[in-house]
Structure formats: C-alpha cells, structure tokens
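Student: My structure is stored as structure22.txt, with compact mmCIF, C-alpha atoms.
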# COMPACT_ATOMS: atom_id res chain seq x y z
CA MET A 1 -12.37 15.41 -4.78
CA LEU A 2 -14.03 18.53 -6.02
CA ILE A 3 -15.07 21.15 -3.55
CA GLU A 4 -17.83 23.10 -5.22
CA GLY A 5 -17.62 26.08 -2.89
CA PHE A 6 -14.02 26.60 -3.87
CA LYS A 7 -14.72 26.19 -7.55
CA THR A 8 -16.81 29.34 -7.53
CA ALA A 9 -13.91 31.22 -5.99
CA VAL A 10 -11.63 30.03 -8.80
CA CYS A 11 -13.92 31.33 -11.47
CA ARG A 12 -14.38 34.74 -9.88
CA HIS A 13 -10.66 35.13 -9.37
CA HIS A 14 -9.64 34.31 -12.90
CA HIS A 15 -12.55 35.34 -15.03
CA GLU A 16 -10.18 36.55 -17.73
CA PHE A 17 -9.26 32.96 -18.56
CA HIS A 18 -12.72 31.56 -18.71
CA GLY A 19 -15.41 31.94 -21.29
CA PRO A 20 -19.03 31.43 -20.28
CA GLY A 21 -20.04 27.91 -19.35
CA HIS A 22 -16.49 26.64 -18.95
CA HIS A 23 -15.77 23.76 -16.65
CA HIS A 24 -12.73 22.21 -15.12
CA PRO A 25 -11.69 18.59 -15.60
CA LYS A 26 -13.44 16.40 -13.04
CA GLY A 27 -11.59 15.98 -9.78
CA SER A 28 -8.87 18.46 -10.54
CA VAL A 29 -9.49 22.05 -9.63
CA ALA A 30 -10.85 23.09 -6.30
CA ALA A 31 -9.41 26.48 -5.50
CA GLU A 32 -6.74 28.90 -6.47
CA THR A 33 -4.82 31.51 -4.68
CA GLN A 34 -2.65 34.02 -6.40
CA ARG A 35 0.81 35.22 -5.61
CA ALA A 36 3.29 37.19 -7.65
CA GLY A 37 3.06 35.86 -11.18
CA THR A 38 1.88 32.40 -10.20
CA ARG A 39 -1.46 30.99 -9.25
CA GLU A 40 -2.02 27.96 -7.13
CA ILE A 41 -4.63 25.43 -8.15
CA LYS A 42 -5.83 23.20 -5.34
CA VAL A 43 -6.00 19.55 -6.29
CA VAL A 44 -6.47 17.56 -3.05
CA ARG A 45 -6.38 13.99 -4.29
CA ARG A 46 -4.70 10.89 -3.03
CA VAL A 47 -1.78 9.98 -5.25
CA LEU A 48 -2.84 6.33 -5.17
CA ASP A 49 -6.48 7.19 -5.83
CA ALA A 50 -6.64 5.04 -8.99
CA ASN A 51 -5.19 2.03 -7.16
CA ASP A 52 -7.48 2.54 -4.17
CA ARG A 53 -10.56 2.67 -6.36
CA MET A 54 -9.53 -0.51 -8.16
CA ALA A 55 -8.84 -2.15 -4.78
CA GLU A 56 -12.37 -1.27 -3.63
CA GLN A 57 -13.76 -2.84 -6.81
CA ASN A 58 -11.76 -5.99 -6.08
CA ARG A 59 -12.99 -5.98 -2.48
CA LYS A 60 -16.59 -5.81 -3.65
CA LEU A 61 -16.00 -8.64 -6.13
CA PHE A 62 -14.46 -10.83 -3.42
CA LYS A 63 -17.33 -10.02 -1.05
CA ASP A 64 -19.94 -10.87 -3.69
CA ARG A 65 -18.21 -14.19 -4.33
CA ASN A 66 -17.69 -15.00 -0.64
CA VAL A 67 -13.93 -15.20 -0.88
CA PHE A 68 -11.58 -14.30 1.96
CA VAL A 69 -8.43 -12.73 0.56
CA LEU A 70 -5.08 -12.76 2.35
CA ASN A 71 -2.19 -10.61 1.17
CA LEU A 72 0.99 -12.45 2.21
CA MET A 73 4.15 -10.37 2.23
CA SER A 74 7.79 -10.71 3.24
CA SER A 75 11.30 -10.04 2.08
CA PRO A 76 12.69 -12.39 -0.63
CA GLY A 77 13.71 -15.78 0.68
CA SER A 78 11.87 -15.71 4.01
CA GLY A 79 9.76 -18.71 3.07
CA LYS A 80 6.45 -17.49 1.67
CA THR A 81 6.16 -20.26 -0.90
CA THR A 82 7.20 -23.07 1.45
CA THR A 83 4.86 -21.77 4.16
CA LEU A 84 2.03 -21.78 1.63
CA GLU A 85 2.86 -25.24 0.30
CA LYS A 86 2.78 -26.65 3.82
CA SER A 87 -0.25 -24.64 4.97
CA LEU A 88 -2.30 -25.84 2.01
CA ALA A 89 -1.98 -29.42 3.21
CA TYR A 90 -3.66 -28.35 6.47
CA LEU A 91 -6.32 -26.19 4.81
CA MET A 92 -7.43 -28.55 2.06
CA PRO A 93 -9.89 -30.03 1.40
CA GLN A 94 -12.14 -28.28 3.97
CA ILE A 95 -11.18 -24.83 2.78
CA SER A 96 -11.04 -24.48 -0.95
CA THR A 97 -8.03 -22.31 -1.70
CA ALA A 98 -6.55 -20.56 -4.73
CA ILE A 99 -3.31 -18.66 -5.04
CA ILE A 100 -2.05 -15.66 -6.95
CA VAL A 101 1.71 -15.50 -6.84
CA GLY A 102 3.65 -12.42 -7.79
CA ASP A 103 7.26 -12.28 -8.89
CA ILE A 104 9.20 -9.95 -11.11
CA CYS A 105 9.91 -12.90 -13.38
CA SER A 106 9.91 -16.73 -13.57
CA THR A 107 7.16 -19.23 -12.81
CA ASN A 108 9.19 -21.18 -10.24
CA ASP A 109 6.84 -20.44 -7.35
CA ALA A 110 3.71 -21.22 -9.35
CA ASP A 111 5.25 -24.51 -10.51
CA ARG A 112 5.96 -25.47 -6.91
CA LEU A 113 2.52 -24.46 -5.68
CA ALA A 114 0.74 -26.16 -8.59
CA THR A 115 1.95 -29.55 -7.33
CA THR A 116 -0.41 -29.09 -4.36
CA GLY A 117 -3.34 -29.26 -6.77
CA VAL A 118 -4.82 -25.83 -5.99
CA PRO A 119 -5.47 -23.27 -8.76
CA VAL A 120 -2.42 -21.03 -9.08
CA VAL A 121 -2.05 -17.89 -11.16
CA GLN A 122 1.45 -16.56 -11.64
CA VAL A 123 1.81 -12.83 -12.18
CA ASN A 124 5.12 -11.58 -13.51
CA THR A 125 5.45 -7.88 -12.90
CA ASP A 126 8.13 -7.44 -15.59
CA GLU A 127 5.09 -7.07 -17.84
CA PHE A 128 4.08 -4.07 -15.70
CA GLY A 129 7.52 -2.47 -15.62
CA GLY A 130 9.15 -4.88 -13.15
CA ASP A 131 7.12 -3.57 -10.25
CA CYS A 132 8.32 -4.49 -6.79
CA HIS A 133 4.75 -5.07 -5.59
CA LEU A 134 1.36 -6.21 -6.83
CA ALA A 135 -1.06 -3.39 -7.56
CA ALA A 136 -4.85 -3.67 -7.51
CA HIS A 137 -5.29 -3.76 -11.30
CA VAL A 138 -2.88 -6.70 -11.52
CA ILE A 139 -4.97 -8.61 -8.97
CA GLU A 140 -8.14 -7.80 -10.89
CA ARG A 141 -6.70 -9.44 -14.01
CA ALA A 142 -5.29 -12.43 -12.16
CA ALA A 143 -8.54 -13.02 -10.25
CA ALA A 144 -10.43 -13.15 -13.55
CA ALA A 145 -8.55 -16.38 -14.31
CA ILE A 146 -9.87 -18.06 -11.15
CA ASP A 147 -13.30 -19.60 -10.62
CA LEU A 148 -14.03 -17.54 -7.50
CA ASP A 149 -17.35 -19.30 -6.85
CA ALA A 150 -15.39 -22.47 -6.16
CA VAL A 151 -12.98 -20.75 -3.77
CA ASP A 152 -13.26 -19.83 -0.06
CA LEU A 153 -9.76 -18.48 0.43
CA LEU A 154 -7.58 -16.62 -2.02
CA ILE A 155 -4.00 -16.11 -0.93
CA VAL A 156 -1.93 -13.52 -2.75
CA GLU A 157 1.79 -14.21 -2.41
CA ASN A 158 3.14 -10.74 -3.02
CA VAL A 159 6.48 -9.85 -4.56
CA GLY A 160 9.29 -10.34 -2.03
CA ASN A 161 9.82 -6.88 -0.53
CA LEU A 162 9.22 -5.38 2.91
CA VAL A 163 8.68 -1.84 1.66
CA CYS A 164 6.50 -1.29 -1.37
CA PRO A 165 3.74 -3.92 -1.06
CA ALA A 166 2.68 -2.35 2.25
CA GLU A 167 1.70 0.80 0.39
CA PHE A 168 -0.68 -0.80 -2.11
CA ASP A 169 -4.19 -1.92 -1.22
CA ILE A 170 -5.19 -4.82 -3.48
CA GLY A 171 -8.69 -5.35 -2.07
CA GLU A 172 -7.63 -7.92 0.52
CA ASP A 173 -9.39 -8.74 3.80
CA ALA A 174 -6.23 -9.26 5.82
CA ARG A 175 -2.49 -8.97 5.54
CA ALA A 176 0.21 -11.17 6.97
CA VAL A 177 3.96 -10.71 6.98
CA ILE A 178 6.58 -13.43 7.28
CA LEU A 179 9.90 -12.64 8.91
CA SER A 180 12.49 -15.40 9.02
CA VAL A 181 14.96 -15.74 11.86
CA THR A 182 17.89 -15.38 9.46
CA GLU A 183 16.91 -11.77 8.71
CA GLY A 184 17.80 -9.96 11.93
CA GLU A 185 15.68 -9.02 14.91
CA ASP A 186 15.47 -5.33 13.99
CA LYS A 187 13.54 -5.69 10.73
CA PRO A 188 10.18 -4.61 12.24
CA ILE A 189 11.81 -1.36 13.36
CA LYS A 190 13.43 -0.80 9.98
CA TYR A 191 10.20 -1.46 8.09
CA PRO A 192 7.53 -0.13 10.47
CA LEU A 193 4.87 0.46 7.83
CA MET A 194 4.80 -3.21 6.85
CA PHE A 195 4.41 -4.35 10.44
CA ARG A 196 1.83 -1.63 11.23
CA GLU A 197 -0.27 -2.55 8.20
CA CYS A 198 -0.38 -6.30 8.81
CA ASP A 199 -2.89 -8.28 10.84
CA ALA A 200 -0.60 -11.20 11.65
CA ALA A 201 3.12 -11.95 11.62
CA LEU A 202 4.91 -15.25 11.18
CA LEU A 203 8.43 -15.79 12.50
CA ASN A 204 9.67 -18.53 10.18
CA LYS A 205 12.61 -20.96 10.15
CA ILE A 206 12.61 -21.42 13.93
CA ASP A 207 14.21 -24.85 13.30
CA LEU A 208 17.43 -22.88 12.62
CA LEU A 209 17.46 -21.16 16.04
CA PRO A 210 19.99 -23.57 17.59
CA TYR A 211 22.50 -22.58 14.92
CA LEU A 212 21.99 -18.81 15.08
CA ASP A 213 22.73 -15.99 17.49
CA TYR A 214 19.14 -14.91 17.14
CA ASP A 215 17.26 -13.28 19.98
CA LEU A 216 13.70 -14.45 19.40
CA ASP A 217 12.33 -12.45 22.36
CA LEU A 218 13.90 -9.29 20.95
CA ALA A 219 12.34 -9.91 17.52
CA VAL A 220 8.93 -10.54 19.09
CA GLY A 221 9.37 -7.44 21.27
CA ASN A 222 10.19 -5.34 18.22
CA ILE A 223 7.06 -6.52 16.43
CA ARG A 224 4.97 -5.75 19.53
CA GLN A 225 6.53 -2.29 19.77
CA ILE A 226 5.42 -1.52 16.20
CA HIS A 227 2.06 -3.31 16.34
CA PRO A 228 0.93 -4.16 19.86
CA GLY A 229 -1.58 -6.98 20.00
CA MET A 230 -0.92 -8.40 16.55
CA PRO A 231 -0.89 -12.23 16.56
CA ILE A 232 2.64 -13.60 16.09
CA PHE A 233 3.13 -17.21 15.01
CA GLU A 234 6.51 -18.86 15.52
CA VAL A 235 6.77 -21.49 12.80
CA SER A 236 9.07 -23.66 10.80
CA ALA A 237 7.56 -24.25 7.39
CA LYS A 238 10.22 -26.90 6.85
CA THR A 239 9.43 -29.05 9.91
CA GLU A 240 5.83 -27.78 10.14
CA ALA A 241 6.39 -26.84 13.79
CA GLY A 242 3.89 -24.21 14.90
CA LEU A 243 1.84 -24.29 11.70
CA THR A 244 -1.39 -25.39 13.39
CA PRO A 245 -2.15 -22.09 15.23
CA TRP A 246 -1.38 -20.10 12.08
CA VAL A 247 -3.66 -22.25 9.95
CA GLU A 248 -6.34 -22.01 12.65
CA TRP A 249 -6.09 -18.19 12.50
CA LEU A 250 -6.63 -18.38 8.74
CA ARG A 251 -9.55 -20.81 9.11
CA GLN A 252 -11.28 -18.57 11.63
CA ASN A 253 -10.94 -15.60 9.34
CA VAL A 254 -12.37 -17.50 6.40
CA ARG A 255 -15.27 -18.78 8.51
CA ARG A 256 -15.98 -15.28 9.84
CA LYS A 257 -16.15 -13.89 6.33
CA LEU A 258 -18.35 -16.71 5.05
CA SER A 259 -20.77 -16.25 7.94
CA THR A 260 -21.05 -12.47 7.63
CA ASP A 261 -21.40 -12.25 3.85
CA MET B 1 11.45 1.04 -5.37
CA HIS B 2 7.91 2.05 -6.20
CA GLU B 3 8.69 5.77 -6.48
CA MET B 4 8.54 5.55 -10.27
CA GLY B 5 4.95 4.33 -10.21
CA ILE B 6 4.02 6.99 -7.67
CA ALA B 7 5.74 9.68 -9.77
CA MET B 8 3.69 8.54 -12.78
CA GLN B 9 0.48 8.88 -10.77
CA ILE B 10 1.49 12.35 -9.59
CA VAL B 11 2.22 13.47 -13.15
CA GLU B 12 -1.07 12.04 -14.37
CA ILE B 13 -3.18 13.73 -11.67
CA ALA B 14 -1.28 17.02 -11.83
CA THR B 15 -1.53 17.18 -15.62
CA ALA B 16 -5.28 16.58 -15.45
CA SER B 17 -5.54 19.43 -12.95
CA ILE B 18 -4.31 22.06 -15.37
CA PRO B 19 -7.42 24.00 -16.42
CA ALA B 20 -8.34 23.05 -19.97
CA ASP B 21 -8.62 26.71 -20.96
CA ALA B 22 -5.43 27.86 -19.26
CA GLY B 23 -3.62 29.00 -22.40
CA ARG B 24 0.17 28.94 -22.41
CA ILE B 25 1.27 28.12 -18.92
CA LYS B 26 4.27 26.76 -17.10
CA VAL B 27 3.83 24.55 -14.07
CA GLU B 28 6.33 25.80 -11.51
CA ARG B 29 5.59 23.54 -8.60
CA VAL B 30 3.64 20.45 -7.69
CA ASN B 31 2.93 20.40 -3.95
CA ILE B 32 2.36 17.05 -2.30
CA LYS B 33 2.15 15.99 1.31
CA ALA B 34 3.66 12.74 2.44
CA GLY B 35 3.15 11.19 5.87
CA ARG B 36 6.35 10.10 7.55
CA LEU B 37 5.04 6.55 7.79
CA THR B 38 4.56 6.39 4.05
CA ALA B 39 7.19 4.29 2.37
CA ILE B 40 8.71 6.79 0.00
CA VAL B 41 12.19 8.21 -0.27
CA PRO B 42 11.76 11.91 -1.10
CA SER B 43 14.99 12.21 -3.11
CA SER B 44 14.07 9.13 -5.18
CA LEU B 45 10.58 10.47 -5.73
CA ARG B 46 11.88 13.86 -6.87
CA PHE B 47 14.30 12.15 -9.26
CA CYS B 48 11.58 9.91 -10.71
CA PHE B 49 9.22 12.87 -11.00
CA GLU B 50 11.81 14.82 -12.98
CA VAL B 51 12.23 11.90 -15.38
CA VAL B 52 8.52 11.17 -15.78
CA ALA B 53 7.64 14.86 -16.18
CA ARG B 54 9.83 15.29 -19.24
CA ASP B 55 7.77 15.71 -22.41
CA THR B 56 4.70 16.56 -20.33
CA PRO B 57 3.24 19.97 -19.39
CA LEU B 58 5.00 19.46 -16.04
CA ALA B 59 8.51 19.41 -17.50
CA GLY B 60 10.86 21.37 -15.27
CA ALA B 61 8.35 21.68 -12.43
CA GLU B 62 9.62 21.32 -8.90
CA LEU B 63 8.11 18.59 -6.75
CA VAL B 64 7.67 20.03 -3.26
CA ILE B 65 7.17 17.34 -0.64
CA LYS B 66 5.71 18.43 2.70
CA GLU B 67 6.36 15.82 5.35
CA ILE B 68 3.50 15.15 7.75
CA PRO B 69 4.37 13.88 11.24
CA VAL B 70 2.96 10.65 12.61
CA VAL B 71 0.40 11.71 15.21
CA ALA B 72 -1.23 9.08 17.40
CA ARG B 73 -4.10 9.05 19.87
CA CYS B 74 -4.46 6.53 22.66
CA ARG B 75 -7.86 4.85 22.71
CA GLU B 76 -7.52 4.26 26.46
CA CYS B 77 -6.31 7.56 27.96
CA ARG B 78 -7.02 9.77 24.88
CA ARG B 79 -3.51 11.26 24.91
CA GLU B 80 -2.35 12.65 21.57
CA TRP B 81 1.31 12.81 20.71
CA THR B 82 3.74 12.82 17.79
CA ILE B 83 5.51 9.54 17.20
CA GLU B 84 9.18 10.23 16.49
CA GLY B 85 10.72 6.78 16.88
CA PRO B 86 9.50 3.32 15.88
CA THR B 87 7.35 2.81 18.96
CA PHE B 88 3.59 2.64 18.60
CA VAL B 89 2.72 2.40 22.28
CA CYS B 90 1.07 5.15 24.33
CA GLU B 91 3.77 7.26 25.96
CA GLN B 92 1.51 7.98 28.92
CA CYS B 93 -0.29 4.74 29.79
CA GLN B 94 1.71 2.23 27.70
CA SER B 95 -1.44 0.98 25.98
CA GLY B 96 -1.00 -0.52 22.53
CA ALA B 97 -4.53 0.47 21.54
CA ILE B 98 -3.68 3.55 19.53
CA GLU B 99 -5.04 5.11 16.39
CA LEU B 100 -2.99 7.11 13.93
CA LEU B 101 -4.41 10.54 13.20
CA SER B 102 -1.82 11.37 10.56
CA GLY B 103 1.34 10.04 8.98
CA ARG B 104 -0.06 7.88 6.18
CA GLU B 105 -0.88 10.70 3.76
CA LEU B 106 0.26 10.66 0.16
CA ASP B 107 -1.78 13.44 -1.40
CA ILE B 108 -1.38 15.99 -4.14
CA GLU B 109 -2.34 19.31 -2.61
CA SER B 110 -1.93 21.78 -5.44
CA ILE B 111 -0.06 22.85 -8.53
CA GLU B 112 1.38 26.31 -9.05
CA ILE B 113 1.31 27.70 -12.57
CA VAL B 114 2.53 30.83 -14.31
CA ASP B 115 0.58 32.22 -17.25
CA GLU B 116 3.13 32.86 -19.93
CA ASP B 117 0.73 34.83 -22.11
CA GLN B 118 0.50 37.62 -19.56
Produce structure tokens that represent the structure in this file.

Tutor:
Amino acid sequence: MLIEGFKTAVCRHHHEFHGPGHHHPKGSVAAETQRAGTREIKVVRRVLDANDRMAEQNRKLFKDRNVFVLNLMSSPGSGKTTTLEKSLAYLMPQISTAIIVGDICSTNDADRLATTGVPVVQVNTDEFGGDCHLAAHVIERAAAAIDLDAVDLLIVENVGNLVCPAEFDIGEDARAVILSVTEGEDKPIKYPLMFRECDAALLNKIDLLPYLDYDLDLAVGNIRQIHPGMPIFEVSAKTEAGLTPWVEWLRQNVRRKLSTD
Amino acid sequence: MHEMGIAMQIVEIATASIPADAGRIKVERVNIKAGRLTAIVPSSLRFCFEVVARDTPLAGAELVIKEIPVVARCRECRREWTIEGPTFVCEQCQSGAIELLSGRELDIESIEIVDEDQ
C-alpha cells in the first residue's frame, strides 16, 4: 500500500538522497520520520500479502468455474482421509467432486482416495521446503491439474496441523476442522485461531466414546466458546454414524454457490 | 512451524522497502505488528528472521514485534472489549454474535535505517 500524501513528505525530508525524478519501489515507502542517526521508513503491508493475492486469484478462478472449495483441516491422525473416503460415497454421483491432498511426503492418502474414483491430486510440501500447510500458490498449481469444468466441489485436505493452515488463505469458500475424540476436549481452547476461522467442525471417532473418558459436552462447549453458532457434527467416519447431516451441510453449500454464480 | 515462511516474506518485503537510492545503509530494525490471535511464536519468528536475514541487506537487523490485543465488538449490544482468554462470547449480554476489530494483524509497519555514508 502506497500512501501518496506521505510519499511527498519523504522526499522533502530527505532531499539530499534523491536526485530529480527519483521514485521508490512500488508498495514500499510511504513515510519516514527521523530520529537520532536513524530514519524510519513506513512500509504498511501485510506480511502474507503475496499469499493473499494468490488466494484471491484462486477464488476468482473457482468462481468462474462454478466450483465450491472446502479447506479441510485437522491435526494428524484425526481422520480426514477416512472422513473424505466415506463422505464421497454419499456425495457422488450427484455432486462431482475432486480432491487435493496435502502431506509433507508420501502418496498414501492420494492412493486411498483414488480408489473412490474421484480425481485426486497429491501435493507433497517437501518440494516447497516441507511446509506444514498448503499455501495459495501450491493450490494454484494443483488445481491446474484438475478439469474444474467437470467439478462442483473441490475438497482440499490440508496438511495435518491445527496451527499453521489456519493462517493461510488458499482461495476457499469454506473451512472445516475435524477434531477426534482421542485428542482431548481442550483442543479448541489451545488452538483458538483454527476454531475461529472455520465454518464447521466435525467431532470424529464417536464410536470410541464407550472406551474413553471423554467428555463430549465439554468438547462441544469449548468449540462453542471459541466460535458460537458454528455447526458441529458428531460423526464416526468408521461406522458412518452422523455422516448424513455433515454431507447435507456440504451439499447445501455447493448448491448455494452453484445458484449464485 | 510456519515462522520460517513468514520470516522469508518479511525479509522480502522489508528489503524491497529500502529506497533504491539510499546509498550505504544499515537496517537497524524491522517493526511488525502481530495480533494476539495470529498463530506465530515471537521467539521462533525472531530466530527465523535472524537466519533468513543473513546475506541480505537486513543482516543483523532487529525484528521488533508489537503485539496487538484481540478487541471484539458485540453485534447485539455493541459493547467493545479486549478478549484476554479463549472466550469469544460477549461479556455483557453473552451473545455469540461478535466481530473482531483487531487481533488478526500480521503487518510490516516500518524499517529503521542508518545512513552509513553520513
């Protein structure tokens, strides 16, 4: 962001450094103030500006192609891939779905998801420095490998991590987080950003509740405390208990996007 | 651990902000503001910044992180307050319909440079 009014002030203040007709690099300098020996150059830019701009490009692409994009996040091992495998059986064939799956390495998840017959693109972030999240430019590349015109719903299975993915916009329409009942009821409080940023939460592996000292009401209460009003789906991807309302939520979102675009 | 990627972005933006005609300068400080809801660990970010800044015009610069409180406003009763704990419910009317006025920032504010030719 360049504030022209301030730029003038910069030039007047430090005329000794500037020849006539000089200019500053775009988006960098806005104002300076001087104090003993140092001068301060105002920058005023979002650190993740480059990612945000790429995410907006992705969002426009997905809008142009009438694709609803879900960013699915959770800690490792909470059941993202199994939930997807099972959900796909409910979604297909009415809703044509494709998947981008992110992991630091291996194609295990893509191999599993490919057996469902939907297009799957595996992204390994070790190519991008072993990133703990998927960034917008990674999604741009992965989406280029998918025939978006043939897809209504694109689900991005993010890298397993409750911290970093919440920080990075990838151009999605909605975000969902899975929390499994083996992870502890206090996770929403420990990772508030993730639960604030999401539009839906799944509490997975409820088939294990009889064997655990897990306080489901406390977990639900903690999610509500961080994000009041967010839909919470209690599911078991293994037994498919509770999957119908979750899939219906997805369907409604896809339909809403298709009807507004 | 995404502090390394964030540090790289900070170094890139801060380096581009040095005036092209600045002459011999030393960057003393890079000032950023980080909302308390933003998922960064300041000590990790400072460490990553130090590593990434080596061999750049920012080598040796101090990364100053100003923490911004999480301020919320209730859409129902319009109360504004600072959220200290992990509770995003209106402290006055208990409504969950709140908007966050601050706390998600991750911005570079300025760089401070010394002209070594002077």

Student: Please provide as a PyMOL selection string all residues within 10 Å of stretch 79-88 of chain B, with the sequence filter that same-chain residues fewer than 2 positions apart are discarded (counting only C-alpha atoms).

Tutor: (chain A and resi 188-193+196+222-228) or (chain B and resi 36-37+69-77+90-103)

Student: How would the residues just picked look written out with C-alpha atoms as a CSV table (one decimal), in the coordinates of the input?

Tutor:
chain,number,residue,atom,x,y,z
A,188,PRO,CA,10.2,-4.6,12.2
A,189,ILE,CA,11.8,-1.4,13.4
A,190,LYS,CA,13.4,-0.8,10.0
A,191,TYR,CA,10.2,-1.5,8.1
A,192,PRO,CA,7.5,-0.1,10.5
A,193,LEU,CA,4.9,0.5,7.8
A,196,ARG,CA,1.8,-1.6,11.2
A,222,ASN,CA,10.2,-5.3,18.2
A,223,ILE,CA,7.1,-6.5,16.4
A,224,ARG,CA,5.0,-5.8,19.5
A,225,GLN,CA,6.5,-2.3,19.8
A,226,ILE,CA,5.4,-1.5,16.2
A,227,HIS,CA,2.1,-3.3,16.3
A,228,PRO,CA,0.9,-4.2,19.9
B,36,ARG,CA,6.4,10.1,7.6
B,37,LEU,CA,5.0,6.6,7.8
B,69,PRO,CA,4.4,13.9,11.2
B,70,VAL,CA,3.0,10.6,12.6
B,71,VAL,CA,0.4,11.7,15.2
B,72,ALA,CA,-1.2,9.1,17.4
B,73,ARG,CA,-4.1,9.0,19.9
B,74,CYS,CA,-4.5,6.5,22.7
B,75,ARG,CA,-7.9,4.8,22.7
B,76,GLU,CA,-7.5,4.3,26.5
B,77,CYS,CA,-6.3,7.6,28.0
B,90,CYS,CA,1.1,5.2,24.3
B,91,GLU,CA,3.8,7.3,26.0
B,92,GLN,CA,1.5,8.0,28.9
B,93,CYS,CA,-0.3,4.7,29.8
B,94,GLN,CA,1.7,2.2,27.7
B,95,SER,CA,-1.4,1.0,26.0
B,96,GLY,CA,-1.0,-0.5,22.5
B,97,ALA,CA,-4.5,0.5,21.5
B,98,ILE,CA,-3.7,3.6,19.5
B,99,GLU,CA,-5.0,5.1,16.4
B,100,LEU,CA,-3.0,7.1,13.9
B,101,LEU,CA,-4.4,10.5,13.2
B,102,SER,CA,-1.8,11.4,10.6
B,103,GLY,CA,1.3,10.0,9.0

Student: Write down, as a ChimeraX atom specification, each residue of chain B that has any atom within 8 Å of an atom of chain A, counting only C-alpha atoms.

Tutor: /B:1-2,6,9-10,13-14,16-23,37-39,86-89,96-97,105-115

Student: Interatomic distance between atom CA of A:Val151 and atom CA of A:Glu248?

Tutor: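 Those two atoms sit 17.8 Å apart.
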
Student: So, counting only C-alpha atoms, which residue among A:Asp213, A:Glu127, A:Glu172, A:Glu85 is closest to A:Lys257?

Tutor: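 Ranked by minimum distance to A:Lys257, first place goes to A:Glu172.
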
Student: From (7.4, 18.7, -16.4), in the file's coordinates, out to 12 Å: which residues are reached, counting all atoms listed in the file? Answer as a PDB file with C-alpha atoms, in the coordinates of the input.

Tutor:
ATOM      1  CA  ALA B   7       5.740   9.680  -9.770  1.00  0.00           C
ATOM      2  CA  MET B   8       3.690   8.540 -12.780  1.00  0.00           C
ATOM      3  CA  ILE B  10       1.490  12.350  -9.590  1.00  0.00           C
ATOM      4  CA  VAL B  11       2.220  13.470 -13.150  1.00  0.00           C
ATOM      5  CA  GLU B  12      -1.070  12.040 -14.370  1.00  0.00           C
ATOM      6  CA  ALA B  14      -1.280  17.020 -11.830  1.00  0.00           C
ATOM      7  CA  THR B  15      -1.530  17.180 -15.620  1.00  0.00           C
ATOM      8  CA  ILE B  25       1.270  28.120 -18.920  1.00  0.00           C
ATOM      9  CA  LYS B  26       4.270  26.760 -17.100  1.00  0.00           C
ATOM     10  CA  VAL B  27       3.830  24.550 -14.070  1.00  0.00           C
ATOM     11  CA  GLU B  28       6.330  25.800 -11.510  1.00  0.00           C
ATOM     12  CA  ARG B  29       5.590  23.540  -8.600  1.00  0.00           C
ATOM     13  CA  VAL B  30       3.640  20.450  -7.690  1.00  0.00           C
ATOM     14  CA  ARG B  46      11.880  13.860  -6.870  1.00  0.00           C
ATOM     15  CA  PHE B  47      14.300  12.150  -9.260  1.00  0.00           C
ATOM     16  CA  CYS B  48      11.580   9.910 -10.710  1.00  0.00           C
ATOM     17  CA  PHE B  49       9.220  12.870 -11.000  1.00  0.00           C
ATOM     18  CA  GLU B  50      11.810  14.820 -12.980  1.00  0.00           C
ATOM     19  CA  VAL B  51      12.230  11.900 -15.380  1.00  0.00           C
ATOM     20  CA  VAL B  52       8.520  11.170 -15.780  1.00  0.00           C
ATOM     21  CA  ALA B  53       7.640  14.860 -16.180  1.00  0.00           C
ATOM     22  CA  ARG B  54       9.830  15.290 -19.240  1.00  0.00           C
ATOM     23  CA  ASP B  55       7.770  15.710 -22.410  1.00  0.00           C
ATOM     24  CA  THR B  56       4.700  16.560 -20.330  1.00  0.00           C
ATOM     25  CA  PRO B  57       3.240  19.970 -19.390  1.00  0.00           C
ATOM     26  CA  LEU B  58       5.000  19.460 -16.040  1.00  0.00           C
ATOM     27  CA  ALA B  59       8.510  19.410 -17.500  1.00  0.00           C
ATOM     28  CA  GLY B  60      10.860  21.370 -15.270  1.00  0.00           C
ATOM     29  CA  ALA B  61       8.350  21.680 -12.430  1.00  0.00           C
ATOM     30  CA  GLU B  62       9.620  21.320  -8.900  1.00  0.00           C
ATOM     31  CA  LEU B  63       8.110  18.590  -6.750  1.00  0.00           C
ATOM     32  CA  ILE B 111      -0.060  22.850  -8.530  1.00  0.00           C
ATOM     33  CA  ILE B 113       1.310  27.700 -12.570  1.00  0.00           C
TER      34      ILE B 113
END

Student: Could you please determine the separation between atom CA of A:Ala219 and atom CA of A:Asp186 in Å, to one decimal place?

Tutor: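 Interatomic distance here is 6.6 Å.
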
Student: For A:Glu183, which of A:Leu216, A:Ala241, A:Leu88, A:Leu250 is the closest residue, counting all atoms listed in the file?

Tutor: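 Among the listed residues, the smallest separation from A:Glu183 belongs to A:Leu216.
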
Student: Hey, can you check how far atom CA of A:Met92 sits from atom CA of A:Asn58?

Tutor: 24.4 Å

Student: From (-9.1, -19.3, -15.0), in the file's coordinates, out to 12 Å: which residues are reached, counting all atoms listed in the file? Answer as a list in words.

Tutor: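 Final list of nearby residues, as requested, is Ala98, Ile99, Ile100, Val118, Pro119, Val120, Val121, Gln122, Arg141, Ala142, Ala143, Ala144, Ala145, Ile146, Asp147, Leu148, Asp149, Ala150 and Val151 of chain A.
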
Student: Quick one: write out the picked residues with C-alpha atoms as a compact mmCIF listing (two decimals), in the coordinates of the input?

Tutor:
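The resulting file, selection-v9.txt, is shown below:
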# COMPACT_ATOMS: atom_id res chain seq x y z
CA ALA A 98 -6.55 -20.56 -4.73
CA ILE A 99 -3.31 -18.66 -5.04
CA ILE A 100 -2.05 -15.66 -6.95
CA VAL A 118 -4.82 -25.83 -5.99
CA PRO A 119 -5.47 -23.27 -8.76
CA VAL A 120 -2.42 -21.03 -9.08
CA VAL A 121 -2.05 -17.89 -11.16
CA GLN A 122 1.45 -16.56 -11.64
CA ARG A 141 -6.70 -9.44 -14.01
CA ALA A 142 -5.29 -12.43 -12.16
CA ALA A 143 -8.54 -13.02 -10.25
CA ALA A 144 -10.43 -13.15 -13.55
CA ALA A 145 -8.55 -16.38 -14.31
CA ILE A 146 -9.87 -18.06 -11.15
CA ASP A 147 -13.30 -19.60 -10.62
CA LEU A 148 -14.03 -17.54 -7.50
CA ASP A 149 -17.35 -19.30 -6.85
CA ALA A 150 -15.39 -22.47 -6.16
CA VAL A 151 -12.98 -20.75 -3.77

Student: Rank nothing, just name the residue among A:Lys86, A:Glu197, A:Glu185, A:Ala55 nearest to A:Asp215, using all atoms listed in the file.

Tutor: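 So, comparing all the options, the nearest one is A:Glu185.
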
Student: Please provide the set of residues having any atom within 9 Å of A:Glu56, restricted to only C-alpha atoms, with same-chain residues fewer than 2 positions apart removed, written as a PyMOL selection string.

Tutor: chain A and resi 51-54+58-61+136+169-171

Student: Of the candidates A:Asn158, A:Ala110, A:Leu212, A:Asp152, which one gets nearest to A:Thr125 if we count only C-alpha atoms?

Tutor: A:Asn158

Student: Would you compute, for all listed atoms of stretch 67-73 of chain B, the axis-aligned bounding box grown by 3 Å on each side, and then report its centre and edge lengths in Å rounded to one decimal, as AutoDock Vina command-line options?

Tutor:
--center_x 1.1 --center_y 12.4 --center_z 12.6 --size_x 16.5 --size_y 12.8 --size_z 20.5

Student: Which residue gives the smallest distance to A:Gly160 among A:Gln252, A:Thr260, A:Ser75, A:Thr116, with only C-alpha atoms counted?

Tutor: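 For A:Gly160, the nearest of the candidates is A:Ser75.
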